[in-house]
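This is protein.pdb. It holds PDB, C-alpha atoms.
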```pdb
MODEL        1
ATOM      1  CA  MET A 207     -25.591  50.596 -93.556
ATOM      2  CA  ASN A 208     -26.765  48.786 -96.685
ATOM      3  CA  ILE A 209     -24.617  48.778 -99.814
ATOM      4  CA  GLY A 210     -26.144  48.847-103.285
ATOM      5  CA  ASP A 211     -27.512  50.811-106.216
ATOM      6  CA  TYR A 212     -30.220  52.691-104.344
ATOM      7  CA  ALA A 213     -30.933  55.861-102.395
ATOM      8  CA  ARG A 214     -33.751  57.315-100.340
ATOM      9  CA  GLY A 215     -36.665  58.313-102.538
ATOM     10  CA  GLY A 216     -34.949  56.885-105.616
ATOM     11  CA  LYS A 217     -33.015  60.128-106.170
ATOM     12  CA  THR A 218     -29.273  60.436-105.997
ATOM     13  CA  ARG A 219     -26.333  62.517-107.075
ATOM     14  CA  GLY A 220     -24.769  62.168-110.512
ATOM     15  CA  ASP A 221     -27.079  60.323-112.874
ATOM     16  CA  ASN A 222     -30.029  60.997-110.518
ATOM     17  CA  GLN A 223     -31.255  57.402-110.870
ATOM     18  CA  ALA A 224     -31.409  54.795-108.153
ATOM     19  CA  ASN A 225     -33.686  52.231-106.604
ATOM     20  CA  ASP A 226     -35.697  53.604-103.705
ATOM     21  CA  HIS A 227     -35.166  50.554-101.449
ATOM     22  CA  ASP A 228     -32.586  47.833-101.003
ATOM     23  CA  LEU A 229     -34.263  45.028-102.993
ATOM     24  CA  GLY A 230     -32.792  42.374-100.707
ATOM     25  CA  CYS A 231     -29.367  43.892-100.134
ATOM     26  CA  LYS A 232     -26.799  41.304 -99.012
ATOM     27  CA  GLU A 233     -23.801  43.579 -98.396
ATOM     28  CA  LYS A 234     -24.030  45.518 -95.166
ATOM     29  CA  TYR A 235     -21.547  47.239 -92.859
ATOM     30  CA  ILE A 236     -21.720  48.222 -89.207
ATOM     31  CA  PRO A 237     -19.823  51.342 -88.091
ATOM     32  CA  CYS A 238     -17.989  51.658 -84.798
ATOM     33  CA  GLY A 239     -16.359  54.974 -83.982
ATOM     34  CA  ILE A 240     -14.069  56.659 -81.498
ATOM     35  CA  VAL A 241     -13.826  60.441 -81.316
ATOM     36  CA  ASP A 242     -11.202  62.314 -79.307
ATOM     37  CA  GLN A 243     -13.071  65.137 -77.593
ATOM     38  CA  ASP A 244      -9.877  67.154 -77.134
ATOM     39  CA  SER A 245      -8.394  66.997 -80.636
ATOM     40  CA  GLY A 246     -11.512  66.142 -82.651
ATOM     41  CA  ALA A 247      -9.727  63.182 -84.256
ATOM     42  CA  LEU A 248     -12.230  60.580 -85.437
ATOM     43  CA  HIS A 249     -11.545  56.878 -86.032
ATOM     44  CA  ILE A 250     -14.172  54.756 -87.810
ATOM     45  CA  SER A 251     -14.134  51.015 -88.387
ATOM     46  CA  PHE A 252     -16.745  49.431 -90.657
ATOM     47  CA  GLY A 253     -17.414  45.809 -89.796
ATOM     48  CA  SER A 254     -18.821  43.355 -92.316
ATOM     49  CA  SER A 255     -19.934  40.851 -89.665
ATOM     50  CA  TYR A 256     -21.805  41.508 -86.398
ATOM     51  CA  LYS A 257     -21.567  44.260 -83.793
ATOM     52  CA  THR A 258     -20.072  42.294 -80.915
ATOM     53  CA  SER A 259     -17.876  42.974 -77.895
ATOM     54  CA  ASP A 260     -14.899  41.662 -79.848
ATOM     55  CA  PHE A 261     -15.599  43.968 -82.795
ATOM     56  CA  ILE A 262     -15.774  46.973 -80.473
ATOM     57  CA  VAL A 263     -12.533  46.136 -78.655
ATOM     58  CA  ASP A 264     -10.788  45.360 -81.956
ATOM     59  CA  THR A 265     -11.822  48.846 -83.085
ATOM     60  CA  ILE A 266     -10.375  50.317 -79.890
ATOM     61  CA  GLU A 267      -7.111  48.459 -80.499
ATOM     62  CA  GLN A 268      -6.983  49.702 -84.099
ATOM     63  CA  TRP A 269      -7.496  53.243 -82.820
ATOM     64  CA  TRP A 270      -4.640  52.886 -80.336
ATOM     65  CA  ASP A 271      -2.328  51.400 -82.971
ATOM     66  CA  SER A 272      -3.107  54.333 -85.280
ATOM     67  CA  LEU A 273      -1.682  56.815 -82.754
ATOM     68  CA  THR A 274       1.889  57.996 -83.055
ATOM     69  CA  LEU A 275       4.503  56.614 -80.685
ATOM     70  CA  ALA A 276       4.739  60.031 -79.036
ATOM     71  CA  GLN A 277       0.970  60.090 -78.462
ATOM     72  CA  GLN A 278       1.057  56.643 -76.917
ATOM     73  CA  GLN A 279       4.036  57.433 -74.694
ATOM     74  CA  THR A 280       2.592  60.691 -73.365
ATOM     75  CA  THR A 281      -0.794  59.127 -72.565
ATOM     76  CA  GLN A 282      -1.106  58.571 -68.827
ATOM     77  CA  GLN A 283      -4.680  57.276 -68.688
ATOM     78  CA  ILE A 284      -7.474  56.729 -71.192
ATOM     79  CA  GLN A 285     -11.068  57.632 -70.441
ATOM     80  CA  PHE A 286     -13.787  56.135 -72.620
ATOM     81  CA  LYS A 287     -17.314  57.518 -72.480
ATOM     82  CA  VAL A 288     -19.173  54.447 -73.603
ATOM     83  CA  ASP A 289     -22.627  53.905 -75.030
ATOM     84  CA  ASN A 290     -24.455  51.567 -72.654
ATOM     85  CA  GLY A 291     -25.295  49.110 -75.424
ATOM     86  CA  PRO A 292     -25.615  45.353 -74.896
ATOM     87  CA  GLU A 293     -22.226  44.639 -76.489
ATOM     88  CA  SER A 294     -20.183  46.959 -74.259
ATOM     89  CA  ASN A 295     -22.080  47.635 -71.036
ATOM     90  CA  GLY A 296     -20.651  47.324 -67.540
ATOM     91  CA  VAL A 297     -21.737  43.713 -67.084
ATOM     92  CA  ARG A 298     -20.865  42.347 -70.522
ATOM     93  CA  THR A 299     -18.319  39.688 -69.626
ATOM     94  CA  GLN A 300     -16.549  39.332 -72.970
ATOM     95  CA  PHE A 301     -16.186  43.097 -73.349
ATOM     96  CA  LEU A 302     -14.707  43.485 -69.866
ATOM     97  CA  LYS A 303     -12.349  40.533 -70.394
ATOM     98  CA  ARG A 304     -11.073  42.015 -73.650
ATOM     99  CA  MET A 305     -10.664  45.443 -72.053
ATOM    100  CA  VAL A 306      -8.588  43.985 -69.210
ATOM    101  CA  GLU A 307      -6.373  42.266 -71.778
ATOM    102  CA  PHE A 308      -6.039  45.528 -73.714
ATOM    103  CA  VAL A 309      -5.063  47.448 -70.574
ATOM    104  CA  ASP A 310      -2.331  44.923 -69.860
ATOM    105  CA  ARG A 311      -1.123  45.108 -73.444
ATOM    106  CA  ILE A 312      -0.714  48.901 -73.524
ATOM    107  CA  ASP A 313       0.183  49.225 -69.818
ATOM    108  CA  LYS A 314      -2.152  52.212 -69.352
ATOM    109  CA  PRO A 315      -5.143  52.539 -67.001
ATOM    110  CA  ILE A 316      -8.527  52.787 -68.693
ATOM    111  CA  HIS A 317     -11.542  54.486 -67.123
ATOM    112  CA  LEU A 318     -14.931  53.397 -68.476
ATOM    113  CA  LEU A 319     -17.791  55.845 -67.982
ATOM    114  CA  TYR A 320     -21.210  54.890 -69.298
ATOM    115  CA  TYR A 321     -24.033  57.065 -70.537
ATOM    116  CA  PRO A 322     -27.358  56.335 -68.789
ATOM    117  CA  PRO A 323     -30.101  54.612 -70.803
ATOM    118  CA  TYR A 324     -31.730  56.815 -73.429
ATOM    119  CA  HIS A 325     -28.957  59.409 -73.196
ATOM    120  CA  SER A 326     -26.860  58.327 -76.182
ATOM    121  CA  LYS A 327     -27.786  61.611 -77.895
ATOM    122  CA  TYR A 328     -25.227  63.274 -75.608
ATOM    123  CA  ASN A 329     -22.478  61.013 -76.929
ATOM    124  CA  PRO A 330     -20.332  62.998 -79.425
ATOM    125  CA  ILE A 331     -20.010  59.956 -81.695
ATOM    126  CA  GLU A 332     -23.740  60.177 -82.397
ATOM    127  CA  ARG A 333     -23.209  63.682 -83.789
ATOM    128  CA  CYS A 334     -20.409  62.298 -85.955
ATOM    129  CA  TRP A 335     -22.832  59.773 -87.420
ATOM    130  CA  GLY A 336     -25.248  62.610 -88.165
ATOM    131  CA  ILE A 337     -22.557  64.509 -90.067
ATOM    132  CA  LEU A 338     -21.597  61.379 -92.003
ATOM    133  CA  GLU A 339     -25.229  60.730 -92.903
ATOM    134  CA  GLN A 340     -25.587  64.267 -94.232
ATOM    135  CA  HIS A 341     -22.258  64.048 -96.052
ATOM    136  CA  TRP A 342     -23.091  61.008 -98.140
ATOM    137  CA  ASN A 343     -26.837  61.620 -98.369
ATOM    138  CA  GLY A 344     -27.845  61.102-102.003
ATOM    139  CA  ALA A 345     -24.686  59.202-102.895
ATOM    140  CA  LYS A 346     -24.984  55.631-104.155
ATOM    141  CA  LEU A 347     -22.818  53.488-101.900
ATOM    142  CA  VAL A 348     -22.529  50.741-104.481
ATOM    143  CA  ASN A 349     -19.655  48.890-102.799
ATOM    144  CA  GLY A 350     -17.401  48.916 -99.763
ATOM    145  CA  ALA A 351     -14.703  50.985-101.465
ATOM    146  CA  THR A 352     -17.200  53.737-102.314
ATOM    147  CA  MET A 353     -18.482  53.736 -98.743
ATOM    148  CA  LEU A 354     -14.945  54.080 -97.357
ATOM    149  CA  ALA A 355     -14.092  56.880 -99.793
ATOM    150  CA  TRP A 356     -17.149  58.879 -98.773
ATOM    151  CA  ALA A 357     -16.441  58.332 -95.092
ATOM    152  CA  GLN A 358     -12.813  59.411 -95.520
ATOM    153  CA  SER A 359     -13.871  62.614 -97.273
ATOM    154  CA  MET A 360     -16.161  63.834 -94.471
ATOM    155  CA  THR A 361     -14.829  66.240 -91.862
ATOM    156  CA  TRP A 362     -15.377  66.461 -88.136
ATOM    157  CA  LYS A 363     -13.930  69.473 -86.333
ATOM    158  CA  GLY A 364     -12.108  70.284 -89.579
ATOM    159  CA  LEU A 365     -10.373  66.892 -89.729
ATOM    160  CA  HIS A 366     -10.828  63.891 -91.990
ATOM    161  CA  PRO A 367     -11.359  60.644 -90.086
ATOM    162  CA  ILE A 368      -9.137  57.587 -90.105
ATOM    163  CA  VAL A 369     -11.288  54.888 -91.707
ATOM    164  CA  ASN A 370     -10.752  51.169 -92.083
ATOM    165  CA  LEU A 371     -12.678  48.079 -93.092
ATOM    166  CA  ASN A 372     -12.870  45.086 -90.754
ATOM    167  CA  GLN A 373     -13.837  41.908 -92.600
ATOM    168  CA  LYS A 374     -13.288  39.572 -89.659
ATOM    169  CA  LEU A 375     -16.144  37.158 -88.961
ATOM    170  CA  TYR A 376     -17.351  37.595 -85.382
ATOM    171  CA  GLN A 377     -19.321  35.122 -83.307
ATOM    172  CA  LYS A 378     -22.373  36.425 -81.487
ATOM    173  CA  GLY A 379     -23.192  35.579 -77.891
ATOM    174  CA  VAL A 380     -19.646  34.992 -76.613
ATOM    175  CA  SER A 381     -19.595  35.172 -72.816
ATOM    176  CA  LEU A 382     -17.521  34.010 -69.859
ATOM    177  CA  SER A 383     -18.454  31.431 -67.259
ATOM    178  CA  LYS A 384     -18.956  32.652 -63.699
ATOM    179  CA  ALA A 385     -15.619  31.138 -62.695
ATOM    180  CA  ALA A 386     -13.746  32.814 -65.546
ATOM    181  CA  MET A 387     -15.446  36.137 -64.849
ATOM    182  CA  GLN A 388     -14.353  36.084 -61.209
ATOM    183  CA  ALA A 389     -10.733  36.564 -62.307
ATOM    184  CA  VAL A 390     -11.742  39.459 -64.566
ATOM    185  CA  GLU A 391     -13.901  41.034 -61.870
ATOM    186  CA  LYS A 392     -10.920  41.189 -59.518
ATOM    187  CA  ARG A 393      -9.284  43.565 -62.001
ATOM    188  CA  LEU A 394     -12.236  45.967 -62.094
ATOM    189  CA  GLU A 395     -12.408  48.896 -59.694
ATOM    190  CA  ARG A 396     -16.112  49.673 -59.675
ATOM    191  CA  ASN A 397     -17.374  52.909 -58.187
ATOM    192  CA  PRO A 398     -19.475  51.738 -55.200
ATOM    193  CA  LEU A 399     -22.100  54.367 -55.986
ATOM    194  CA  LEU A 400     -22.260  53.547 -59.718
ATOM    195  CA  PRO A 401     -20.800  50.049 -60.061
ATOM    196  CA  LYS A 402     -22.172  49.407 -63.543
ATOM    197  CA  TRP A 403     -21.458  52.893 -64.873
ATOM    198  CA  ASP A 404     -18.022  53.834 -63.566
ATOM    199  CA  ILE A 405     -15.214  51.262 -63.888
ATOM    200  CA  LEU A 406     -11.442  51.733 -63.641
ATOM    201  CA  ILE A 407      -9.051  49.085 -64.965
ATOM    202  CA  ARG A 408      -5.381  49.269 -64.053
ATOM    203  CA  PRO A 409      -2.537  47.333 -65.685
ATOM    204  CA  ALA A 410      -1.510  44.142 -63.908
TER     205      ALA A 410
ENDMDL
END
```
Just dump the structure as structure tokens.
Amino acid sequence: MNIGDYARGGKTRGDNQANDHDLGCKEKYIPCGIVDQDSGALHISFGSSYKTSDFIVDTIEQWWDSLTLAQQQTTQQIQFKVDNGPESNGVRTQFLKRMVEFVDRIDKPIHLLYYPPYHSKYNPIERCWGILEQHWNGAKLVNGATMLAWAQSMTWKGLHPIVNLNQKLYQKGVSLSKAAMQAVEKRLERNPLLPKWDILIRPA
């Protein structure tokens, strides 16, 4: 989302004055979210760089680190229902490498299940984005702090989300060589019927 002194249609809350387009906005943030379908807990990370495999996995790690020790200890396996985007799909080498490393770090199996193409509307995180859009509609997100405050004040399933800002600079296009990916591939248990859509990773 673009940050600046503007709003759709030039109308906004408060002083009711704003530009109706971004006028060359230079400050932008990319959201990445994780929603727990059981508890409704929502974790949002706003990145100031690019949406990459590393940004997504860093967001996953931040989510895990935000859990209580009891939550981490009682977790037996994690299942992620993943958007089949180019940064996190079942053949994205850097994403899979980082996920294998994360599994080994937390010593918990992770099951990746992917939504088919054009089915992202069934992903609960998309509904979270809709609620957030409605929540801050008409507000002037003039800076990162204002954006974070509005995001923190929204509710999903009656809960306020955990929100953070990631200002790390990410490099686009990071990928593994075929030789390096062979070692990663050995760690992936792909469903033979849906090898790109159903992947289990166990700790080493």
Counting all atoms listed in the file, the residue of A:Thr274, A:Gln285, A:Asn397, A:Asp264 that sits nearest Lys374 (chain A)
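Using all atoms listed in the file, Lys374 (chain A) sits closest to A:Asp264.
Evaluated against the shown file, the PyMOL selection byres ((chain A and resi 390) around 9) gives A:Thr299, A:Leu302, A:Lys303, A:Val306, A:Ala386, A:Met387, A:Gln388, A:Ala389, A:Glu391, A:Lys392, A:Arg393, A:Leu394.
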Which residue is closest to Asn295 (chain A)? Choose from A:Ala410, A:Leu347, A:Leu318, A:Ile209 and count only C-alpha atoms.
A:Leu318
Can you list, as a PyMOL selection string, the residues that the PyMOL selection byres ((chain A and resi 371) around 9) selects here?
chain A and resi 235+250-254+350+354+369-370+372-373
Please identify all polymer residues within 12 Å of Ser259 (chain A), counting all atoms listed in the file, omitting same-chain residues fewer than 4 positions from it, and present them as a VMD selection string.
chain A and resid 238 263 to 266 291 to 305 376 to 381
Tell me which protein, DNA and RNA residues are within 12 Å of Ala355 (chain A), counting all atoms listed in the file, leaving out same-chain ones fewer than 4 positions away, and put them as JSON, numbers by chain.
{"A": [338, 341, 342, 345, 346, 347, 348, 349, 350, 351, 359, 360, 366, 367, 368, 369, 370, 371]}
What does the distance between CA of Ile407 (chain A) and CA of Pro322 (chain A) come to in Å, to one decimal place?
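Rounded to one decimal, the two atoms are 20.1 Å apart.
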Padded axis-aligned box of region 400-409 of chain A (6 Å per side), centre and edge lengths, Å, one decimal, as JSON:
```
{"center_x": -12.4, "center_y": 50.6, "center_z": -62.7, "size_x": 31.7, "size_y": 18.5, "size_z": 18.0}
```
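Atom pair CA of Asp244 (chain A) / CA of Pro330 (chain A): separated by 11.5 Å.
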One decimal place gives the CA of Asp242 (chain A)-CA of Arg311 (chain A) separation as 20.8 Å
Expanded to explicit residues, what is the PyMOL selection byres ((chain A and resi 283) around 12) for this file, as number ranges by chain?
A: 277-282, 284-286, 309, 312-318, 406-409
Taking into account all atoms listed in the file, which residue in the set A:Ala357, A:Ser326, A:Gly364, A:Glu267 is nearest to Glu339 (chain A)?
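The shortest atom-to-atom distance to Glu339 (chain A) comes from A:Ala357.
For the residues A:Ile331, A:Met353, A:Leu382, A:Leu400, ranking by smallest atom-to-atom distance to Gly246 (chain A) using all atoms listed in the file places A:Ile331 first.
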Have region 303-327 of chain A completed to N, CA and C atoms, please, and pass it along as an mmCIF file, in the frame of the given file.
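Contents of selection.cif, freshly written:
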```
data_model
loop_
_atom_site.group_PDB
_atom_site.id
_atom_site.type_symbol
_atom_site.label_atom_id
_atom_site.label_comp_id
_atom_site.auth_asym_id
_atom_site.auth_seq_id
_atom_site.Cartn_x
_atom_site.Cartn_y
_atom_site.Cartn_z
ATOM 1 N N LYS A 303 -13.535 41.390 -70.266
ATOM 2 C CA LYS A 303 -12.349 40.533 -70.394
ATOM 3 C C LYS A 303 -11.382 41.102 -71.424
ATOM 4 N N ARG A 304 -11.923 41.464 -72.593
ATOM 5 C CA ARG A 304 -11.073 42.015 -73.650
ATOM 6 C C ARG A 304 -10.455 43.344 -73.234
ATOM 7 N N MET A 305 -11.198 44.160 -72.489
ATOM 8 C CA MET A 305 -10.664 45.443 -72.053
ATOM 9 C C MET A 305 -9.541 45.255 -71.041
ATOM 10 N N VAL A 306 -9.667 44.286 -70.154
ATOM 11 C CA VAL A 306 -8.588 43.985 -69.210
ATOM 12 C C VAL A 306 -7.336 43.547 -69.975
ATOM 13 N N GLU A 307 -7.509 42.717 -70.971
ATOM 14 C CA GLU A 307 -6.373 42.266 -71.778
ATOM 15 C C GLU A 307 -5.723 43.440 -72.518
ATOM 16 N N PHE A 308 -6.558 44.358 -73.005
ATOM 17 C CA PHE A 308 -6.039 45.528 -73.714
ATOM 18 C C PHE A 308 -5.254 46.432 -72.771
ATOM 19 N N VAL A 309 -5.764 46.638 -71.572
ATOM 20 C CA VAL A 309 -5.063 47.448 -70.574
ATOM 21 C C VAL A 309 -3.685 46.864 -70.287
ATOM 22 N N ASP A 310 -3.621 45.559 -70.132
ATOM 23 C CA ASP A 310 -2.331 44.923 -69.860
ATOM 24 C C ASP A 310 -1.387 45.038 -71.054
ATOM 25 N N ARG A 311 -1.952 44.997 -72.244
ATOM 26 C CA ARG A 311 -1.123 45.108 -73.444
ATOM 27 C C ARG A 311 -0.478 46.485 -73.565
ATOM 28 N N ILE A 312 -1.247 47.544 -73.326
ATOM 29 C CA ILE A 312 -0.714 48.901 -73.524
ATOM 30 C C ILE A 312 -0.111 49.480 -72.244
ATOM 31 N N ASP A 313 -0.364 48.809 -71.111
ATOM 32 C CA ASP A 313 0.183 49.225 -69.818
ATOM 33 C C ASP A 313 -0.272 50.636 -69.442
ATOM 34 N N LYS A 314 -1.551 50.917 -69.704
ATOM 35 C CA LYS A 314 -2.152 52.212 -69.352
ATOM 36 C C LYS A 314 -3.488 51.947 -68.663
ATOM 37 N N PRO A 315 -3.817 52.692 -67.613
ATOM 38 C CA PRO A 315 -5.143 52.539 -67.001
ATOM 39 C C PRO A 315 -6.232 53.022 -67.960
ATOM 40 N N ILE A 316 -7.373 52.386 -67.895
ATOM 41 C CA ILE A 316 -8.527 52.787 -68.693
ATOM 42 C C ILE A 316 -9.722 52.981 -67.766
ATOM 43 N N HIS A 317 -10.376 54.128 -67.926
ATOM 44 C CA HIS A 317 -11.542 54.486 -67.123
ATOM 45 C C HIS A 317 -12.771 54.421 -68.025
ATOM 46 N N LEU A 318 -13.701 53.544 -67.707
ATOM 47 C CA LEU A 318 -14.931 53.397 -68.476
ATOM 48 C C LEU A 318 -16.057 54.150 -67.780
ATOM 49 N N LEU A 319 -16.636 55.099 -68.483
ATOM 50 C CA LEU A 319 -17.791 55.845 -67.982
ATOM 51 C C LEU A 319 -18.941 55.638 -68.962
ATOM 52 N N TYR A 320 -20.088 55.240 -68.440
ATOM 53 C CA TYR A 320 -21.210 54.890 -69.298
ATOM 54 C C TYR A 320 -22.304 55.953 -69.272
ATOM 55 N N TYR A 321 -22.865 56.198 -70.458
ATOM 56 C CA TYR A 321 -24.033 57.065 -70.537
ATOM 57 C C TYR A 321 -25.250 56.314 -69.997
ATOM 58 N N PRO A 322 -26.136 56.995 -69.279
ATOM 59 C CA PRO A 322 -27.358 56.335 -68.789
ATOM 60 C C PRO A 322 -28.233 55.908 -69.962
ATOM 61 N N PRO A 323 -29.173 55.008 -69.725
ATOM 62 C CA PRO A 323 -30.101 54.612 -70.803
ATOM 63 C C PRO A 323 -30.824 55.818 -71.384
ATOM 64 N N TYR A 324 -31.005 55.788 -72.685
ATOM 65 C CA TYR A 324 -31.730 56.815 -73.429
ATOM 66 C C TYR A 324 -31.012 58.169 -73.437
ATOM 67 N N HIS A 325 -29.734 58.166 -73.164
ATOM 68 C CA HIS A 325 -28.957 59.409 -73.196
ATOM 69 C C HIS A 325 -27.833 59.363 -74.240
ATOM 70 N N SER A 326 -27.909 58.439 -75.176
ATOM 71 C CA SER A 326 -26.860 58.327 -76.182
ATOM 72 C C SER A 326 -26.761 59.578 -77.056
ATOM 73 N N LYS A 327 -27.822 60.380 -77.087
ATOM 74 C CA LYS A 327 -27.786 61.611 -77.895
ATOM 75 C C LYS A 327 -26.717 62.574 -77.396
#
```
